[in-house]
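**Q** Coordinates in protein.pdb, PDB, C-alpha atoms (C1' of nucleotides), are listed below.
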ATOM      1  CA  MET D   1       0.000   0.000   0.000  1.00  0.00           C
ATOM      2  CA  ARG D   2       1.578   3.213  -1.186  1.00  0.00           C
ATOM      3  CA  TYR D   3       0.485   6.785  -1.638  1.00  0.00           C
ATOM      4  CA  TRP D   4       0.666   9.092  -4.640  1.00  0.00           C
ATOM      5  CA  LEU D   5      -0.172  12.568  -5.788  1.00  0.00           C
ATOM      6  CA  MET D   6      -1.623  12.720  -9.291  1.00  0.00           C
ATOM      7  CA  LYS D   7      -2.093  15.974 -11.195  1.00  0.00           C
ATOM      8  CA  SER D   8      -4.986  16.653 -13.490  1.00  0.00           C
ATOM      9  CA  GLU D   9      -6.075  19.844 -15.175  1.00  0.00           C
ATOM     10  CA  PRO D  10      -9.656  20.391 -14.026  1.00  0.00           C
ATOM     11  CA  ASP D  11     -10.491  21.832 -17.453  1.00  0.00           C
ATOM     12  CA  GLU D  12      -9.731  18.363 -18.781  1.00  0.00           C
ATOM     13  CA  ILE D  13     -10.746  16.061 -15.946  1.00  0.00           C
ATOM     14  CA  SER D  14     -11.685  17.365 -12.511  1.00  0.00           C
ATOM     15  CA  ILE D  15     -12.479  15.435  -9.347  1.00  0.00           C
ATOM     16  CA  ASP D  16     -16.163  16.137 -10.075  1.00  0.00           C
ATOM     17  CA  ASP D  17     -15.789  14.572 -13.514  1.00  0.00           C
ATOM     18  CA  VAL D  18     -14.374  11.397 -12.017  1.00  0.00           C
ATOM     19  CA  LEU D  19     -17.084  11.248  -9.349  1.00  0.00           C
ATOM     20  CA  ALA D  20     -19.645  11.538 -12.163  1.00  0.00           C
ATOM     21  CA  ALA D  21     -18.057   8.775 -14.235  1.00  0.00           C
ATOM     22  CA  PRO D  22     -19.383   5.194 -14.208  1.00  0.00           C
ATOM     23  CA  LYS D  23     -18.115   3.507 -11.031  1.00  0.00           C
ATOM     24  CA  GLN D  24     -16.439   6.853 -10.225  1.00  0.00           C
ATOM     25  CA  THR D  25     -13.499   5.442 -12.172  1.00  0.00           C
ATOM     26  CA  ILE D  26     -11.442   6.656 -15.119  1.00  0.00           C
ATOM     27  CA  PRO D  27      -8.350   5.403 -16.919  1.00  0.00           C
ATOM     28  CA  TRP D  28      -5.439   7.717 -16.147  1.00  0.00           C
ATOM     29  CA  PHE D  29      -4.415   8.064 -19.792  1.00  0.00           C
ATOM     30  CA  GLY D  30      -2.095  10.632 -21.290  1.00  0.00           C
ATOM     31  CA  VAL D  31       0.983  10.313 -19.102  1.00  0.00           C
ATOM     32  CA  ARG D  32       3.896  10.975 -21.482  1.00  0.00           C
ATOM     33  CA  ASN D  33       6.781  11.339 -19.101  1.00  0.00           C
ATOM     34  CA  TYR D  34       9.013   8.369 -18.398  1.00  0.00           C
ATOM     35  CA  GLN D  35       9.509   9.044 -14.702  1.00  0.00           C
ATOM     36  CA  ALA D  36       5.791   9.348 -14.112  1.00  0.00           C
ATOM     37  CA  ARG D  37       5.181   6.261 -16.226  1.00  0.00           C
ATOM     38  CA  ASN D  38       7.708   4.296 -14.240  1.00  0.00           C
ATOM     39  CA  PHE D  39       5.991   5.225 -10.992  1.00  0.00           C
ATOM     40  CA  MET D  40       2.787   3.735 -12.405  1.00  0.00           C
ATOM     41  CA  ARG D  41       4.480   0.726 -13.924  1.00  0.00           C
ATOM     42  CA  ASP D  42       6.808  -0.170 -11.076  1.00  0.00           C
ATOM     43  CA  GLY D  43       5.190   1.287  -8.013  1.00  0.00           C
ATOM     44  CA  MET D  44       1.429   1.280  -8.232  1.00  0.00           C
ATOM     45  CA  GLN D  45      -0.880  -1.415  -6.991  1.00  0.00           C
ATOM     46  CA  PRO D  46      -4.629  -1.595  -6.560  1.00  0.00           C
ATOM     47  CA  GLY D  47      -5.550  -0.064  -3.229  1.00  0.00           C
ATOM     48  CA  ASP D  48      -2.881   2.623  -3.297  1.00  0.00           C
ATOM     49  CA  GLY D  49      -4.057   6.011  -2.035  1.00  0.00           C
ATOM     50  CA  VAL D  50      -4.159   9.001  -4.386  1.00  0.00           C
ATOM     51  CA  LEU D  51      -4.249  12.707  -3.675  1.00  0.00           C
ATOM     52  CA  PHE D  52      -6.173  14.167  -6.617  1.00  0.00           C
ATOM     53  CA  TYR D  53      -4.491  17.436  -7.503  1.00  0.00           C
ATOM     54  CA  HIS D  54      -5.855  20.197  -9.729  1.00  0.00           C
ATOM     55  CA  SER D  55      -3.108  21.882 -11.751  1.00  0.00           C
ATOM     56  CA  SER D  56      -2.880  24.699 -14.289  1.00  0.00           C
ATOM     57  CA  CYS D  57      -5.985  26.386 -12.913  1.00  0.00           C
ATOM     58  CA  PRO D  58      -6.881  29.464 -10.845  1.00  0.00           C
ATOM     59  CA  GLN D  59      -6.475  27.589  -7.551  1.00  0.00           C
ATOM     60  CA  PRO D  60      -4.016  24.723  -7.828  1.00  0.00           C
ATOM     61  CA  GLY D  61      -4.128  22.235  -4.984  1.00  0.00           C
ATOM     62  CA  ILE D  62      -5.510  18.987  -3.639  1.00  0.00           C
ATOM     63  CA  ALA D  63      -9.164  18.598  -4.532  1.00  0.00           C
ATOM     64  CA  GLY D  64     -10.015  15.046  -3.596  1.00  0.00           C
ATOM     65  CA  ILE D  65      -9.068  11.577  -2.476  1.00  0.00           C
ATOM     66  CA  ALA D  66      -8.898   8.679  -4.895  1.00  0.00           C
ATOM     67  CA  GLU D  67      -7.605   5.167  -5.149  1.00  0.00           C
ATOM     68  CA  VAL D  68      -5.752   3.048  -7.667  1.00  0.00           C
ATOM     69  CA  VAL D  69      -8.101   0.257  -8.735  1.00  0.00           C
ATOM     70  CA  SER D  70      -6.220  -1.575 -11.481  1.00  0.00           C
ATOM     71  CA  ALA D  71      -2.838  -2.930 -12.341  1.00  0.00           C
ATOM     72  CA  PRO D  72      -0.937  -0.986 -15.006  1.00  0.00           C
ATOM     73  CA  TYR D  73      -2.020  -1.697 -18.609  1.00  0.00           C
ATOM     74  CA  PRO D  74      -1.269  -0.118 -21.998  1.00  0.00           C
ATOM     75  CA  ASP D  75      -2.666   3.379 -22.571  1.00  0.00           C
ATOM     76  CA  ASP D  76      -4.901   3.055 -25.634  1.00  0.00           C
ATOM     77  CA  THR D  77      -4.568   6.688 -26.649  1.00  0.00           C
ATOM     78  CA  GLN D  78      -0.978   6.099 -27.784  1.00  0.00           C
ATOM     79  CA  PHE D  79      -2.298   4.006 -30.710  1.00  0.00           C
ATOM     80  CA  ASP D  80      -5.026   6.430 -31.781  1.00  0.00           C
ATOM     81  CA  PRO D  81      -3.895   8.840 -34.531  1.00  0.00           C
ATOM     82  CA  GLN D  82      -6.864  11.061 -33.677  1.00  0.00           C
ATOM     83  CA  SER D  83      -5.774  11.419 -30.082  1.00  0.00           C
ATOM     84  CA  HIS D  84      -3.812  14.314 -28.708  1.00  0.00           C
ATOM     85  CA  TYR D  85      -1.754  11.653 -26.957  1.00  0.00           C
ATOM     86  CA  TYR D  86      -0.963   9.648 -30.093  1.00  0.00           C
ATOM     87  CA  ASP D  87       2.610   8.370 -30.255  1.00  0.00           C
ATOM     88  CA  ALA D  88       3.697   7.202 -33.707  1.00  0.00           C
ATOM     89  CA  LYS D  89       6.607   5.301 -32.225  1.00  0.00           C
ATOM     90  CA  ALA D  90       4.445   3.171 -29.949  1.00  0.00           C
ATOM     91  CA  LYS D  91       3.551  -0.300 -31.201  1.00  0.00           C
ATOM     92  CA  ARG D  92       0.736  -2.551 -30.033  1.00  0.00           C
ATOM     93  CA  GLU D  93       3.180  -5.376 -29.463  1.00  0.00           C
ATOM     94  CA  GLU D  94       5.527  -3.017 -27.669  1.00  0.00           C
ATOM     95  CA  PRO D  95       3.512  -0.345 -25.848  1.00  0.00           C
ATOM     96  CA  ARG D  96       5.461   2.625 -24.654  1.00  0.00           C
ATOM     97  CA  TRP D  97       2.868   4.253 -22.393  1.00  0.00           C
ATOM     98  CA  ILE D  98       0.650   2.795 -19.732  1.00  0.00           C
ATOM     99  CA  CYS D  99      -2.139   3.859 -17.449  1.00  0.00           C
ATOM    100  CA  VAL D 100      -3.995   2.670 -14.394  1.00  0.00           C
ATOM    101  CA  ASP D 101      -7.639   3.004 -13.424  1.00  0.00           C
ATOM    102  CA  VAL D 102      -8.298   5.569 -10.707  1.00  0.00           C
ATOM    103  CA  LYS D 103     -11.446   5.683  -8.609  1.00  0.00           C
ATOM    104  CA  ALA D 104     -12.506   8.904  -6.931  1.00  0.00           C
ATOM    105  CA  LEU D 105     -13.517   8.313  -3.308  1.00  0.00           C
ATOM    106  CA  ARG D 106     -14.526  11.811  -2.287  1.00  0.00           C
ATOM    107  CA  LYS D 107     -14.152  15.455  -3.026  1.00  0.00           C
ATOM    108  CA  THR D 108     -12.409  17.431  -0.312  1.00  0.00           C
ATOM    109  CA  ARG D 109     -12.094  21.096   0.416  1.00  0.00           C
ATOM    110  CA  LEU D 110      -9.578  22.628  -1.938  1.00  0.00           C
ATOM    111  CA  LEU D 111      -6.271  22.420  -0.111  1.00  0.00           C
ATOM    112  CA  PRO D 112      -4.252  25.012  -1.999  1.00  0.00           C
ATOM    113  CA  LEU D 113      -0.643  24.644  -3.011  1.00  0.00           C
ATOM    114  CA  SER D 114       0.027  27.884  -1.143  1.00  0.00           C
ATOM    115  CA  GLU D 115      -1.225  26.280   2.085  1.00  0.00           C
ATOM    116  CA  LEU D 116       0.758  23.079   1.536  1.00  0.00           C
ATOM    117  CA  ARG D 117       3.881  25.213   1.312  1.00  0.00           C
ATOM    118  CA  THR D 118       3.311  26.576   4.795  1.00  0.00           C
ATOM    119  CA  ILE D 119       3.248  23.146   6.487  1.00  0.00           C
ATOM    120  CA  ALA D 120       6.626  22.255   7.963  1.00  0.00           C
ATOM    121  CA  GLN D 121       5.961  18.500   7.927  1.00  0.00           C
ATOM    122  CA  LEU D 122       5.356  18.669   4.178  1.00  0.00           C
ATOM    123  CA  GLU D 123       8.517  20.480   3.149  1.00  0.00           C
ATOM    124  CA  ASP D 124      10.004  17.289   1.683  1.00  0.00           C
ATOM    125  CA  MET D 125       6.980  16.495  -0.482  1.00  0.00           C
ATOM    126  CA  VAL D 126       8.221  15.862  -4.006  1.00  0.00           C
ATOM    127  CA  VAL D 127       5.544  18.014  -5.568  1.00  0.00           C
ATOM    128  CA  LEU D 128       6.639  20.985  -3.456  1.00  0.00           C
ATOM    129  CA  GLN D 129      10.278  20.845  -4.544  1.00  0.00           C
ATOM    130  CA  LYS D 130      11.601  23.628  -6.719  1.00  0.00           C
ATOM    131  CA  GLY D 131      11.095  22.929 -10.398  1.00  0.00           C
ATOM    132  CA  SER D 132       8.994  19.836  -9.731  1.00  0.00           C
ATOM    133  CA  ARG D 133       6.743  19.211 -12.731  1.00  0.00           C
ATOM    134  CA  LEU D 134       6.065  15.507 -12.527  1.00  0.00           C
ATOM    135  CA  SER D 135       2.393  14.689 -12.904  1.00  0.00           C
ATOM    136  CA  ILE D 136       2.720  11.648 -10.635  1.00  0.00           C
ATOM    137  CA  THR D 137       4.791  11.791  -7.461  1.00  0.00           C
ATOM    138  CA  PRO D 138       5.112   9.553  -4.417  1.00  0.00           C
ATOM    139  CA  VAL D 139       3.724  10.631  -1.051  1.00  0.00           C
ATOM    140  CA  THR D 140       5.051   9.222   2.206  1.00  0.00           C
ATOM    141  CA  PRO D 141       2.705   7.732   4.822  1.00  0.00           C
ATOM    142  CA  GLY D 142       3.590  10.637   7.113  1.00  0.00           C
ATOM    143  CA  GLN D 143       2.734  13.203   4.478  1.00  0.00           C
ATOM    144  CA  TRP D 144      -0.519  11.399   3.726  1.00  0.00           C
ATOM    145  CA  LYS D 145      -1.450  11.472   7.397  1.00  0.00           C
ATOM    146  CA  THR D 146      -0.620  15.160   7.715  1.00  0.00           C
ATOM    147  CA  ILE D 147      -2.760  15.981   4.707  1.00  0.00           C
ATOM    148  CA  ALA D 148      -5.626  13.801   5.921  1.00  0.00           C
ATOM    149  CA  THR D 149      -5.588  15.797   9.146  1.00  0.00           C
ATOM    150  CA  LEU D 150      -5.577  19.106   7.271  1.00  0.00           C
ATOM    151  CA  LEU D 151      -8.568  17.952   5.245  1.00  0.00           C
ATOM    152  CA  LYS D 152     -10.585  17.185   8.366  1.00  0.00           C
ATOM    153  CA  GLU D 153     -10.339  20.769   9.554  1.00  0.00           C
TER     154      GLU D 153
ATOM    155  C1'  DG A   1       1.387  36.079 -21.002  1.00  0.00           C
ATOM    156  C1'  DC A   2       5.809  35.371 -18.661  1.00  0.00           C
ATOM    157  C1'  DC A   3       9.340  32.559 -17.495  1.00  0.00           C
ATOM    158  C1'  DA A   4      11.993  29.051 -14.676  1.00  0.00           C
ATOM    159  C1'  DA A   5      12.886  24.442 -14.738  1.00  0.00           C
ATOM    160  C1'  DC A   6      13.045  20.343 -16.798  1.00  0.00           C
ATOM    161  C1'  DG A   7      12.667  16.871 -20.716  1.00  0.00           C
ATOM    162  C1'  DT A   8      13.459  15.489 -25.530  1.00  0.00           C
ATOM    163  C1'  DT A   9      15.522  15.608 -29.984  1.00  0.00           C
ATOM    164  C1'  DG A  10      18.996  15.324 -33.186  1.00  0.00           C
ATOM    165  C1'  DG A  11      23.395  16.885 -35.325  1.00  0.00           C
ATOM    166  C1'  DC A  12      27.985  16.065 -34.691  1.00  0.00           C
TER     167       DC A  12
ATOM    168  C1'  DG B   1      28.103  10.888 -25.567  1.00  0.00           C
ATOM    169  C1'  DC B   2      27.748  15.968 -25.725  1.00  0.00           C
ATOM    170  C1'  DC B   3      25.001  19.774 -25.879  1.00  0.00           C
ATOM    171  C1'  DA B   4      22.272  23.444 -28.292  1.00  0.00           C
ATOM    172  C1'  DA B   5      17.804  24.132 -29.616  1.00  0.00           C
ATOM    173  C1'  DC B   6      13.367  23.443 -28.888  1.00  0.00           C
ATOM    174  C1'  DG B   7       9.105  21.917 -26.423  1.00  0.00           C
ATOM    175  C1'  DT B   8       6.341  21.380 -22.174  1.00  0.00           C
ATOM    176  C1'  DT B   9       4.754  22.158 -17.532  1.00  0.00           C
ATOM    177  C1'  DG B  10       2.643  24.857 -14.435  1.00  0.00           C
ATOM    178  C1'  DG B  11       2.710  28.604 -10.929  1.00  0.00           C
ATOM    179  C1'  DC B  12       2.133  33.279 -10.845  1.00  0.00           C
TER     180       DC B  12
END
Represent the structure contained in this file as structure tokens.
**A**
Amino acid sequence: MRYWLMKSEPDEISIDDVLAAPKQTIPWFGVRNYQARNFMRDGMQPGDGVLFYHSSCPQPGIAGIAEVVSAPYPDDTQFDPQSHYYDAKAKREEPRWICVDVKALRKTRLLPLSELRTIAQLEDMVVLQKGSRLSITPVTPGQWKTIATLLKE
DNA sequence: GCCAACGTTGGC
DNA sequence: GCCAACGTTGGC
């Protein structure tokens, strides 16, 4: 059981969108960064906890709690020439990009990035490091607990 | 829209 | 393998 922070642009897919989806679950397609992919491929298991983060929006921050509900599998959008995420170099027999299914558990209050930065116990969070752009980053159990407490307030 | 930081590409 | 040029992310 591990914990992750996963970024999504709410203009594309927000926590509300996932809660409205069948089974409150969506495939986390579109990851096109090797480090983020490797976290999914090598680190994720069903049951892992996910902080659902809204990025590139007026108020970036944690917007909900979700859960990994599948093993990693090939991201179909890499094979679709119509898709924004199409990758001509990816082959069916040798997929380059993968995704996992993510189930939204609940929407939380918006816990803004600016507030996260003020919490001493969170200063080592990967997503808070200078220049951090990864769309998927690991979260330690301690960080998860701290954030869970903040979300209860 | 700006721009810092990081990632990728491709010539050599 | 180096590295310049270019592209992307994402907060502000």
**Q** Can you list every residue of chain A that has an atom at most 10 Å from segment 124-132 of chain D, with its nearest atom pair and the distance in Å to one decimal, using all atoms listed in the file, ordered by chain then number, as a tab-separated table?
**A**
residue	atom	partner	partner_atom	distance
A:DA4	C1'	D:Gly131	CA	7.5
A:DA5	C1'	D:Gly131	CA	4.9
A:DC6	C1'	D:Gly131	CA	7.2
**Q** On this file, the PyMOL selection byres ((chain D and resi 122) around 10) gives some set of residues; write that set as a list in words.
**A** Leu116, Arg117, Thr118, Ile119, Ala120, Gln121, Glu123, Asp124, Met125, Val126, Val127, Leu128, Val139, Thr140, Gly142, Gln143, Trp144, Thr146 and Ile147 of chain D
**Q** What is the distance between atom CA of Pro74 of chain D and atom CA of Ile13 of chain D, in Å to one decimal?
**A**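 Computed distance, atom CA of Pro74 of chain D to atom CA of Ile13 of chain D, equals 19.7 Å.
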**Q** So the first atom is atom CA of Arg96 of chain D and the second is atom CA of Tyr34 of chain D; what is the distance between them in Å, to one decimal place?
**A**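 Taking atom CA of Arg96 of chain D as the start and atom CA of Tyr34 of chain D as the end point, the length is 9.2 Å.
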**Q** Of the candidates D:Thr77, D:Gly47, D:Val102, D:Gln35, which one gets nearest to chain A if we count all atoms listed in the file?
**A**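 Ranking D:Thr77, D:Gly47, D:Val102, D:Gln35 by distance to chain A, first place goes to D:Gln35.
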**Q** Need the shell around DC2 of chain B: protein/DNA/RNA residues with any atom at most 12 Å away, counting only C-alpha atoms (C1' of nucleotides). Skip same-chain ones fewer than 3 positions apart. Format as number ranges by chain?
**A** A: 10-12
**Q** Output C-alpha atoms (C1' of nucleotides) for every residue in that selection, as a tab-separated table (two decimals), in the frame of the given file.
**A**
chain	number	residue	atom	x	y	z
A	10	DG	C1'	19.00	15.32	-33.19
A	11	DG	C1'	23.40	16.89	-35.33
A	12	DC	C1'	27.98	16.07	-34.69
**Q** Excluding Ala63 of chain D and residues on its chain fewer than 6 positions from it, collect all residues at most 7 Å away from it, counting all atoms listed in the file, and give them as a ChimeraX atom specification.
**A** /D:15,52-54,107-111
**Q** Could you tell me how far atom CA of Asp48 of chain D sits from atom CA of Met1 of chain D, in Å to one decimal place?
**A**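 Atom-to-atom, atom CA of Met1 of chain D and atom CA of Asp48 of chain D are spaced 5.1 Å apart.
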**Q** Which one of D:Pro27, D:Arg32, D:Leu51, D:Gln82 sits closest to Lys145 of chain D if you count all atoms listed in the file?
**A**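 The answer is D:Leu51, which sits nearest to Lys145 of chain D.
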**Q** Counting only C-alpha atoms (C1' of nucleotides), which residue out of D:Leu134, D:Ile98, D:Ala36, D:Leu150 sits closest to chain B?
**A** D:Leu134
**Q** Enumerate, in order of chain and increasing residue number, the residues of chain D with an atom no farther than 10 Å from chain B, each with its shortest atom pair and distance in Å to one decimal, counting only C-alpha atoms (C1' of nucleotides), as a Markdown table.
**A**
| residue | atom | partner | partner_atom | distance |
| --- | --- | --- | --- | --- |
| D:Ser55 | CA | B:DG10 | C1' | 7.0 |
| D:Ser56 | CA | B:DG10 | C1' | 5.5 |
| D:Cys57 | CA | B:DG10 | C1' | 8.9 |
| D:Pro58 | CA | B:DG11 | C1' | 9.6 |
| D:Gln59 | CA | B:DG11 | C1' | 9.8 |
| D:Pro60 | CA | B:DG11 | C1' | 8.4 |
| D:Leu113 | CA | B:DG11 | C1' | 9.5 |
| D:Gly131 | CA | B:DG10 | C1' | 9.6 |
| D:Ser132 | CA | B:DT9 | C1' | 9.2 |
| D:Arg133 | CA | B:DT9 | C1' | 6.0 |
| D:Leu134 | CA | B:DT9 | C1' | 8.4 |
| D:Ser135 | CA | B:DT9 | C1' | 9.1 |
**Q** Pull C-alpha atoms from the residues just selected and write them as a short mmCIF file (atom, residue, chain, number, x, y, z; two decimals), in the frame of the given file.
**A**
data_model
loop_
_atom_site.label_atom_id
_atom_site.label_comp_id
_atom_site.auth_asym_id
_atom_site.auth_seq_id
_atom_site.Cartn_x
_atom_site.Cartn_y
_atom_site.Cartn_z
CA SER D 55 -3.11 21.88 -11.75
CA SER D 56 -2.88 24.70 -14.29
CA CYS D 57 -5.98 26.39 -12.91
CA PRO D 58 -6.88 29.46 -10.84
CA GLN D 59 -6.48 27.59 -7.55
CA PRO D 60 -4.02 24.72 -7.83
CA LEU D 113 -0.64 24.64 -3.01
CA GLY D 131 11.10 22.93 -10.40
CA SER D 132 8.99 19.84 -9.73
CA ARG D 133 6.74 19.21 -12.73
CA LEU D 134 6.06 15.51 -12.53
CA SER D 135 2.39 14.69 -12.90
#
**Q** Which of these, D:Gly49, D:Gly61, D:Pro22, D:Gly30, has the shortest distance to Pro10 of chain D once you count only C-alpha atoms?
**A** D:Gly61
**Q** For the structure provided, state which residues fall under the PyMOL selection byres ((chain D and resi 4) around 10), and present them as a list in words.
**A**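 Matching residues under the PyMOL selection byres ((chain D and resi 4) around 10) are Arg2, Tyr3, Leu5, Met6, Lys7, Phe39, Met40, Gly43, Met44, Asp48, Gly49, Val50, Leu51, Phe52, Ala66, Glu67, Val68, Ile136, Thr137, Pro138, Val139, Thr140, Pro141 and Trp144 of chain D.
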**Q** Quick one: 8 Å padding each side, axis-aligned, all listed atoms of segment 4-8 of chain B - centre and edge lengths in Å to one decimal, as AutoDock Vina command-line options?
**A**
--center_x 14.3 --center_y 22.8 --center_z -25.9 --size_x 31.9 --size_y 18.8 --size_z 23.4
